[in-house]
Amino acid sequence: MPAPMKRGSNVALTRELPNLAGVVLGVKFHSAEPVLMENLVVATLLCTADSQVLSDEHFVFFNQLTSPDLSVAQLEQVLGLDMAQIEVDLPDVPADVAKIVVVAYINDGQGRRRTLGQLRDATIRVLNLADNSELVTSENLAPALTSETGMVLGELYRHSGEWKFKVVGQGYTNGIAGMAADYGVTL
Amino acid sequence: MTLTNPTAATKRTDLPWLRQRAVPRQPTTALADHATTPGVAPVIEAPATSRVSTSLDLGAPVPEPPATPAKTPSMLDLTLSDEPAPAIPAAERSTARPAARSKTAPARRARPGHPEILTQKAPTVELTAVQSGVGALSITAACSDEVGDIRIGCVYQLRTTGEGIVQPAGGPDTAPATSHQPLIRHDRDRFETLTVDLRQSRELERLVVLLYSATASEPLRWGGTLLIETSGDSRIEVPLERPSSPGVLAALSIYNINGRYVLRAEQQLTNGPVREACAAFGFNRITWLDDRTPLT
């Protein structure tokens with residue numbers, strides 16, 4: 001198993017594995033607070049090169065489990081330790097999608113004001129869709145979080161015809177509202 | 001036949017194809033160019049087999065179409081007879097088609113900075129899956145004190161717990177009634193408000209917002225607006241203009257259609273108790289103690 005990827009590092013997936021047909025992005029969270037875990041949502045945004053979602057239908061989360069082209073799909077039930085898994089069919093991803101961004105946010109429907117600082121563990125990993133083998137995993141992104149309510153975990157992006165994966169780990173204090181504004185999602 | 005040990009069996013390599021789902025092919029007709037708008041299914045209209053205009057517009061009759069069909073047959077061509085299907089002249093087709101499509105146009109959307117007002121002519125608006133699943137939806141009865149002692153409640157149907165009612169002044173304040181994180185909560189800050197927690201948005205099947213007076217006998221001087229706001233401040237308004245009357249006003253209904261919430265201004269007044277207003281919308285699985293008190 002390779003060493004965990006640090007925040008900001010990237011890896012060229014299809015250059016290392018030219019036959020890679022699909023990946024599974026797995027997000028793992030751990031916290032002592034069950035209410036935080038219930039309200040933590042993982043979402044995947046299919047964006048153009050300037051980091052804007054293609055449309056509001058290209059926001060894949062529990063209420064919209066697949067993208068319109070069916071290339072990115074979130075699993076409704078995950079078996080195992082991951083909190084959420086997103087399957088990506090790399091050849092089917094539309095040409096205008098330059099990056100696939102995985103984010104997590106606290107859905108504050110009750111005004112409880114929870115923060116991601118209460119997380120003990122937050123990692124994102126990439127598995128090979130064909131045989132479920134783990135390709136790369138990120139370091140624990142939780143220690144750097146304090147009062148943020150949203151976070152960009154990592155992104156899969158195109159680079160000179162290849163797919164690369166980058167660990168981002170960037171927090172947003174204004175949570176999903178801030179991320180929606182940055183990525184052009186209409187709330 | 002010997003049963004092999006599953007852990008020692010040969011690995012199957014043919015299963016991944018089961019996951020592959022092909023995007024449906026677009027029909028390669030003149031309709032294909034209208035299918036490029038994302039999120040809108042191509043509208044396939046059966047050609048009229050008679051000269052009578054199929055539109056509900058009672059204006060000028062449709063001009064006589066030419067004898068030869070100008071439309072190439074699509075895979076959903078529903079002409080049964082062998083008479084030539086009257087078609088709109090090709091020259092007019094590009095302008096005529098968008099007008100015909102407006103009958104099944106994409107649903108009205110809500111976006112920030114541009115409040116959508118639901119009127120009798122256009123009572124429906126559809127929220128996107130994102131607007132129906134992120135943050136919270138707040139439904140506020142923005143009425144001044146002149147209206148009277150108004151309360152906002154709702155009768156709802158949830159996927160797991162079935163039908164129920166949120167009825168301040170006489171019933172539970174939350175839905176489900178006993179839950180540490182309720183889906184629907186009633187509050188009274190400046191105005192009467194219902195808040196729907198969209199983390200559990202899939203749990204809600206349908207909901208009807210009810211406005212009534214806390215003092216059963218007093219008629220309300222209806223006025224003000226019902227405001228619905230998404231977490232991104234996209235606003236939908238339902239004006240509450242009607243003559244003063246007692247009874248229960250079902251102002252708005254929300255239906256969960258495939259993950260998207262469809263809001264419709266119902267504006268239906270029931271001159272009777274809450275139980276009758278619920279029955280009017282088909283909510284007949286609630287246990288009542290009397291005409292206005294549900295069992296909690």
# chains A, B, ... in the order shown; residues from 1 in each chain; ligands from 1
$ closest_atom_pairs --of "chain B" --to "chain A" --cutoff "8 Å" --atoms "only C-alpha atoms" --output "tab-separated table"
residue	atom	partner	partner_atom	distance
B:Pro16	CA	A:Ala130	CA	7.5
B:Arg21	CA	A:Leu70	CA	7.4
B:Val23	CA	A:Asp69	CA	6.7
B:Gly39	CA	A:Glu57	CA	7.6
B:Arg111	CA	A:Thr186	CA	6.8
B:Pro112	CA	A:Leu187	CA	7.8
B:Thr128	CA	A:Asp56	CA	7.2
B:Ala129	CA	A:Asn63	CA	6.1
B:Val130	CA	A:Leu187	CA	6.5
B:Gln131	CA	A:Leu187	CA	5.2
B:Ser132	CA	A:Asn63	CA	7.8
B:Gly133	CA	A:Asn63	CA	5.8
B:Val134	CA	A:Asn107	CA	6.6
B:Gly135	CA	A:Gly109	CA	5.2
B:Ala136	CA	A:Gly109	CA	4.8
B:Gln181	CA	A:Gln110	CA	7.9
B:Thr195	CA	A:Gly109	CA	7.9
B:Val196	CA	A:Gly109	CA	7.3
B:Asp197	CA	A:Gly109	CA	4.5
B:Leu198	CA	A:Gly109	CA	6.5
B:Arg199	CA	A:Asn107	CA	6.2
B:Ser201	CA	A:Asn63	CA	7.7
B:Arg202	CA	A:Asn63	CA	7.0
B:Thr230	CA	A:Leu187	CA	6.8
B:Ser231	CA	A:Leu187	CA	6.2
B:Gly232	CA	A:Leu187	CA	4.3
B:Asp233	CA	A:Leu187	CA	7.4
B:Ser234	CA	A:Leu187	CA	7.0
B:Gly259	CA	A:Asn63	CA	5.7
$ write_last_selection --atoms "N, CA, C and O atoms" --output "mmCIF file, in the first residue's frame"
data_model
loop_
_atom_site.group_PDB
_atom_site.id
_atom_site.type_symbol
_atom_site.label_atom_id
_atom_site.label_comp_id
_atom_site.auth_asym_id
_atom_site.auth_seq_id
_atom_site.Cartn_x
_atom_site.Cartn_y
_atom_site.Cartn_z
ATOM 1 N N PRO B 16 -19.197 -6.893 -14.740
ATOM 2 C CA PRO B 16 -19.181 -5.438 -14.939
ATOM 3 C C PRO B 16 -20.094 -4.972 -16.065
ATOM 4 O O PRO B 16 -20.591 -3.866 -16.032
ATOM 5 N N ARG B 21 -24.895 1.062 -18.432
ATOM 6 C CA ARG B 21 -26.202 1.445 -18.902
ATOM 7 C C ARG B 21 -25.992 2.391 -20.059
ATOM 8 O O ARG B 21 -25.272 3.352 -19.941
ATOM 9 N N VAL B 23 -26.808 5.286 -22.635
ATOM 10 C CA VAL B 23 -27.655 6.472 -22.731
ATOM 11 C C VAL B 23 -28.575 6.249 -23.926
ATOM 12 O O VAL B 23 -28.113 5.843 -24.984
ATOM 13 N N GLY B 39 -31.823 18.031 -19.588
ATOM 14 C CA GLY B 39 -32.883 17.906 -18.611
ATOM 15 C C GLY B 39 -34.273 17.964 -19.206
ATOM 16 O O GLY B 39 -35.267 17.792 -18.528
ATOM 17 N N ARG B 111 -35.111 30.692 -8.661
ATOM 18 C CA ARG B 111 -33.702 31.043 -8.486
ATOM 19 C C ARG B 111 -33.594 32.313 -7.648
ATOM 20 O O ARG B 111 -34.551 33.065 -7.534
ATOM 21 N N PRO B 112 -32.422 32.535 -7.052
ATOM 22 C CA PRO B 112 -32.301 33.676 -6.137
ATOM 23 C C PRO B 112 -32.474 34.995 -6.868
ATOM 24 O O PRO B 112 -32.125 35.125 -8.031
ATOM 25 N N THR B 128 -35.219 22.119 -8.255
ATOM 26 C CA THR B 128 -34.258 21.139 -8.739
ATOM 27 C C THR B 128 -33.949 20.151 -7.625
ATOM 28 O O THR B 128 -34.311 20.361 -6.473
ATOM 29 N N ALA B 129 -33.263 19.074 -7.985
ATOM 30 C CA ALA B 129 -32.904 18.082 -6.970
ATOM 31 C C ALA B 129 -31.995 18.712 -5.919
ATOM 32 O O ALA B 129 -32.028 18.346 -4.742
ATOM 33 N N VAL B 130 -31.182 19.675 -6.318
ATOM 34 C CA VAL B 130 -30.301 20.355 -5.369
ATOM 35 C C VAL B 130 -31.115 21.222 -4.419
ATOM 36 O O VAL B 130 -30.932 21.192 -3.202
ATOM 37 N N GLN B 131 -32.074 21.980 -4.973
ATOM 38 C CA GLN B 131 -32.896 22.841 -4.112
ATOM 39 C C GLN B 131 -33.789 22.017 -3.193
ATOM 40 O O GLN B 131 -34.184 22.489 -2.127
ATOM 41 N N SER B 132 -34.099 20.786 -3.614
ATOM 42 C CA SER B 132 -34.957 19.932 -2.796
ATOM 43 C C SER B 132 -34.155 19.076 -1.831
ATOM 44 O O SER B 132 -34.731 18.297 -1.091
ATOM 45 N N GLY B 133 -32.831 19.191 -1.852
ATOM 46 C CA GLY B 133 -32.042 18.279 -1.032
ATOM 47 C C GLY B 133 -30.972 18.923 -0.181
ATOM 48 O O GLY B 133 -30.303 18.246 0.586
ATOM 49 N N VAL B 134 -30.787 20.229 -0.324
ATOM 50 C CA VAL B 134 -29.706 20.896 0.407
ATOM 51 C C VAL B 134 -30.286 21.908 1.372
ATOM 52 O O VAL B 134 -31.126 22.724 0.998
ATOM 53 N N GLY B 135 -29.832 21.875 2.616
ATOM 54 C CA GLY B 135 -30.216 22.883 3.602
ATOM 55 C C GLY B 135 -31.605 22.641 4.131
ATOM 56 O O GLY B 135 -31.943 21.537 4.556
ATOM 57 N N ALA B 136 -32.425 23.677 4.128
ATOM 58 C CA ALA B 136 -33.772 23.567 4.653
ATOM 59 C C ALA B 136 -34.702 24.427 3.812
ATOM 60 O O ALA B 136 -34.293 25.415 3.227
ATOM 61 N N GLN B 181 -34.632 14.520 15.579
ATOM 62 C CA GLN B 181 -34.369 15.416 14.461
ATOM 63 C C GLN B 181 -35.568 15.358 13.517
ATOM 64 O O GLN B 181 -35.593 14.565 12.569
ATOM 65 N N THR B 195 -40.405 24.635 8.961
ATOM 66 C CA THR B 195 -39.086 24.384 8.380
ATOM 67 C C THR B 195 -38.991 22.903 8.039
ATOM 68 O O THR B 195 -39.262 22.056 8.887
ATOM 69 N N VAL B 196 -38.605 22.620 6.801
ATOM 70 C CA VAL B 196 -38.445 21.232 6.361
ATOM 71 C C VAL B 196 -36.955 20.950 6.253
ATOM 72 O O VAL B 196 -36.239 21.628 5.514
ATOM 73 N N ASP B 197 -36.479 19.960 7.006
ATOM 74 C CA ASP B 197 -35.060 19.606 6.998
ATOM 75 C C ASP B 197 -34.769 18.776 5.750
ATOM 76 O O ASP B 197 -35.192 17.626 5.636
ATOM 77 N N LEU B 198 -34.047 19.335 4.800
ATOM 78 C CA LEU B 198 -33.866 18.649 3.522
ATOM 79 C C LEU B 198 -32.825 17.540 3.551
ATOM 80 O O LEU B 198 -32.641 16.831 2.563
ATOM 81 N N ARG B 199 -32.149 17.359 4.691
ATOM 82 C CA ARG B 199 -31.249 16.182 4.767
ATOM 83 C C ARG B 199 -32.096 14.922 4.667
ATOM 84 O O ARG B 199 -31.670 13.893 4.201
ATOM 85 N N SER B 201 -34.927 14.839 2.933
ATOM 86 C CA SER B 201 -35.912 15.205 1.919
ATOM 87 C C SER B 201 -36.558 13.998 1.271
ATOM 88 O O SER B 201 -37.703 14.063 0.851
ATOM 89 N N ARG B 202 -35.850 12.881 1.193
ATOM 90 C CA ARG B 202 -36.414 11.717 0.518
ATOM 91 C C ARG B 202 -37.542 11.097 1.324
ATOM 92 O O ARG B 202 -38.339 10.327 0.810
ATOM 93 N N THR B 230 -35.791 28.585 -0.300
ATOM 94 C CA THR B 230 -34.809 27.515 -0.248
ATOM 95 C C THR B 230 -33.600 28.003 0.539
ATOM 96 O O THR B 230 -33.527 29.164 0.939
ATOM 97 N N SER B 231 -32.629 27.137 0.725
ATOM 98 C CA SER B 231 -31.461 27.524 1.515
ATOM 99 C C SER B 231 -30.638 28.589 0.790
ATOM 100 O O SER B 231 -29.892 29.319 1.417
ATOM 101 N N GLY B 232 -30.782 28.677 -0.526
ATOM 102 C CA GLY B 232 -30.046 29.695 -1.265
ATOM 103 C C GLY B 232 -30.859 30.945 -1.506
ATOM 104 O O GLY B 232 -30.533 31.737 -2.384
ATOM 105 N N ASP B 233 -31.938 31.118 -0.733
ATOM 106 C CA ASP B 233 -32.796 32.295 -0.847
ATOM 107 C C ASP B 233 -33.491 32.406 -2.199
ATOM 108 O O ASP B 233 -33.750 33.515 -2.671
ATOM 109 N N SER B 234 -33.772 31.269 -2.837
ATOM 110 C CA SER B 234 -34.671 31.300 -3.991
ATOM 111 C C SER B 234 -36.074 31.341 -3.411
ATOM 112 O O SER B 234 -36.418 30.517 -2.572
ATOM 113 N N GLY B 259 -37.529 12.859 -6.299
ATOM 114 C CA GLY B 259 -36.482 13.634 -5.646
ATOM 115 C C GLY B 259 -36.629 15.132 -5.818
ATOM 116 O O GLY B 259 -35.963 15.895 -5.124
#
$ residues_around --residues "Leu25 of chain A" --least-positions-apart "2" --cutoff "6 Å" --atoms "only C-alpha atoms" --output "list in words"
Gln85, Ile86, Arg125 and Val126 of chain A
$ closest_residue --among "B:Leu252, B:Leu295, B:Val209, B:Ile165" --to "Pro123 of chain B" --atoms "only C-alpha atoms"
B:Leu252
$ residues_around --residues "segment 3-10 of chain A" --least-positions-apart "3" --cutoff "8 Å" --atoms "only C-alpha atoms" --output "JSON list (two decimals) with N, CA and C atoms, in the first residue's frame"
[["chain", "number", "residue", "atom", "x", "y", "z"],
["A", 136, "VAL", "N", -4.89, 4.72, -4.32],
["A", 136, "VAL", "CA", -4.24, 5.72, -3.46],
["A", 136, "VAL", "C", -5.22, 6.10, -2.35],
["A", 137, "THR", "N", -4.65, 6.63, -1.27],
["A", 137, "THR", "CA", -5.50, 7.16, -0.21],
["A", 137, "THR", "C", -4.86, 8.44, 0.30],
["A", 138, "SER", "N", -5.68, 9.31, 0.82],
["A", 138, "SER", "CA", -5.14, 10.59, 1.28],
["A", 138, "SER", "C", -4.75, 10.47, 2.74],
["A", 139, "GLU", "N", -4.04, 11.48, 3.22],
["A", 139, "GLU", "CA", -3.75, 11.54, 4.66],
["A", 139, "GLU", "C", -5.04, 11.93, 5.38],
["A", 141, "LEU", "N", -7.41, 14.32, 6.74],
["A", 141, "LEU", "CA", -7.59, 15.76, 6.51],
["A", 141, "LEU", "C", -8.29, 16.45, 7.68],
["A", 164, "LYS", "N", -5.95, 12.49, -13.64],
["A", 164, "LYS", "CA", -5.12, 12.59, -12.45],
["A", 164, "LYS", "C", -6.03, 12.80, -11.25],
["A", 165, "PHE", "N", -5.50, 12.50, -10.08],
["A", 165, "PHE", "CA", -6.26, 12.69, -8.86],
["A", 165, "PHE", "C", -5.46, 13.56, -7.91],
["A", 166, "LYS", "N", -6.14, 14.55, -7.33],
["A", 166, "LYS", "CA", -5.46, 15.48, -6.42],
["A", 166, "LYS", "C", -6.20, 15.52, -5.10],
["A", 167, "VAL", "N", -5.45, 15.51, -4.01],
["A", 167, "VAL", "CA", -6.05, 15.67, -2.68],
["A", 167, "VAL", "C", -6.08, 17.16, -2.38],
["A", 168, "VAL", "N", -7.24, 17.70, -2.09],
["A", 168, "VAL", "CA", -7.38, 19.14, -1.89],
["A", 168, "VAL", "C", -7.46, 19.49, -0.41],
["A", 169, "GLY", "N", -8.47, 18.98, 0.29],
["A", 169, "GLY", "CA", -8.60, 19.23, 1.71],
["A", 169, "GLY", "C", -8.81, 20.69, 2.07]]
$ atom_distance --atom1 "atom CA of Ile100 of chain A" --atom2 "atom CA of Ser133 of chain A"
20.5 Å
$ select_by_dssp --residues "segment 1-177 of chain A" --states "strand (DSSP E)" --output "PyMOL selection string"
chain A and resi 10-12+22-31+40-47+59-60+72-74+84-89+99-106+119-128+134-137+150-159+162-172
$ write_last_selection --atoms "C-alpha atoms" --output "CSV table (one decimal), in the first residue's frame"
chain,number,residue,atom,x,y,z
A,10,ASN,CA,-1.5,14.6,-7.0
A,11,VAL,CA,-1.0,11.4,-8.9
A,12,ALA,CA,-1.4,10.5,-12.5
A,22,GLY,CA,-13.3,3.2,-13.9
A,23,VAL,CA,-12.5,4.3,-10.4
A,24,VAL,CA,-14.4,4.4,-7.1
A,25,LEU,CA,-13.9,7.4,-4.9
A,26,GLY,CA,-14.4,6.4,-1.3
A,27,VAL,CA,-14.9,8.9,1.5
A,28,LYS,CA,-14.3,7.9,5.1
A,29,PHE,CA,-15.4,10.0,8.1
A,30,HIS,CA,-15.2,9.3,11.7
A,31,SER,CA,-16.5,11.3,14.6
A,40,LEU,CA,-22.7,15.1,6.9
A,41,VAL,CA,-23.4,14.9,3.2
A,42,VAL,CA,-20.9,13.9,0.4
A,43,ALA,CA,-21.5,15.3,-3.0
A,44,THR,CA,-19.7,15.1,-6.3
A,45,LEU,CA,-19.7,18.0,-8.8
A,46,LEU,CA,-19.0,17.6,-12.5
A,47,CYS,CA,-17.3,20.8,-13.5
A,59,PHE,CA,-24.5,17.7,-8.7
A,60,VAL,CA,-24.5,14.1,-7.5
A,72,VAL,CA,-20.8,9.3,-12.2
A,73,ALA,CA,-23.0,7.5,-9.7
A,74,GLN,CA,-23.1,7.6,-5.9
A,84,ALA,CA,-19.9,7.2,0.7
A,85,GLN,CA,-18.6,5.7,-2.5
A,86,ILE,CA,-18.9,7.3,-5.9
A,87,GLU,CA,-18.3,5.2,-9.1
A,88,VAL,CA,-16.8,7.0,-12.1
A,89,ASP,CA,-16.8,5.4,-15.6
A,99,LYS,CA,-12.8,17.9,-13.3
A,100,ILE,CA,-14.9,15.8,-10.9
A,101,VAL,CA,-14.8,17.4,-7.4
A,102,VAL,CA,-15.7,15.5,-4.3
A,103,VAL,CA,-17.0,17.7,-1.5
A,104,ALA,CA,-18.5,17.2,1.9
A,105,TYR,CA,-20.7,19.5,3.9
A,106,ILE,CA,-22.9,19.7,7.0
A,119,LEU,CA,-14.3,15.2,13.0
A,120,ARG,CA,-11.6,12.8,14.1
A,121,ASP,CA,-10.9,11.3,10.7
A,122,ALA,CA,-11.6,12.4,7.1
A,123,THR,CA,-9.9,10.6,4.2
A,124,ILE,CA,-10.6,10.2,0.5
A,125,ARG,CA,-9.3,7.2,-1.4
A,126,VAL,CA,-9.4,5.9,-5.0
A,127,LEU,CA,-10.2,2.3,-5.8
A,128,ASN,CA,-10.0,0.5,-9.1
A,134,GLU,CA,-7.1,0.5,-3.4
A,135,LEU,CA,-5.0,2.7,-5.6
A,136,VAL,CA,-4.2,5.7,-3.5
A,137,THR,CA,-5.5,7.2,-0.2
A,150,GLY,CA,-17.9,22.4,4.3
A,151,MET,CA,-14.8,21.0,2.6
A,152,VAL,CA,-13.5,20.0,-0.8
A,153,LEU,CA,-11.9,16.6,-0.3
A,154,GLY,CA,-10.3,15.9,-3.7
A,155,GLU,CA,-10.7,16.0,-7.4
A,156,LEU,CA,-10.3,13.8,-10.4
A,157,TYR,CA,-9.2,16.0,-13.3
A,158,ARG,CA,-8.0,15.7,-16.9
A,159,HIS,CA,-4.5,16.7,-17.8
A,162,GLU,CA,-4.8,11.6,-18.8
A,163,TRP,CA,-6.8,11.4,-15.6
A,164,LYS,CA,-5.1,12.6,-12.4
A,165,PHE,CA,-6.3,12.7,-8.9
A,166,LYS,CA,-5.5,15.5,-6.4
A,167,VAL,CA,-6.0,15.7,-2.7
A,168,VAL,CA,-7.4,19.1,-1.9
A,169,GLY,CA,-8.6,19.2,1.7
A,170,GLN,CA,-9.8,22.8,1.5
A,171,GLY,CA,-12.4,23.9,4.1
A,172,TYR,CA,-15.2,26.4,3.8
$ atom_distance --atom1 "atom CA of Gln268 of chain B" --atom2 "atom CA of Ile150 of chain B"
16.2 Å
$ closest_residue --among "A:Leu81, A:Leu145, A:Leu36, A:Leu90" --to "Ala21 of chain A" --atoms "only C-alpha atoms"
A:Leu90
$ atom_distance --atom1 "atom CA of Ile236 of chain B" --atom2 "atom CA of Ala107 of chain B"
13.8 Å
$ closest_residue --among "B:Ala9, B:Ala277, B:Arg242, B:Thr296" --to "Thr178 of chain B" --atoms "only C-alpha atoms"
B:Thr296
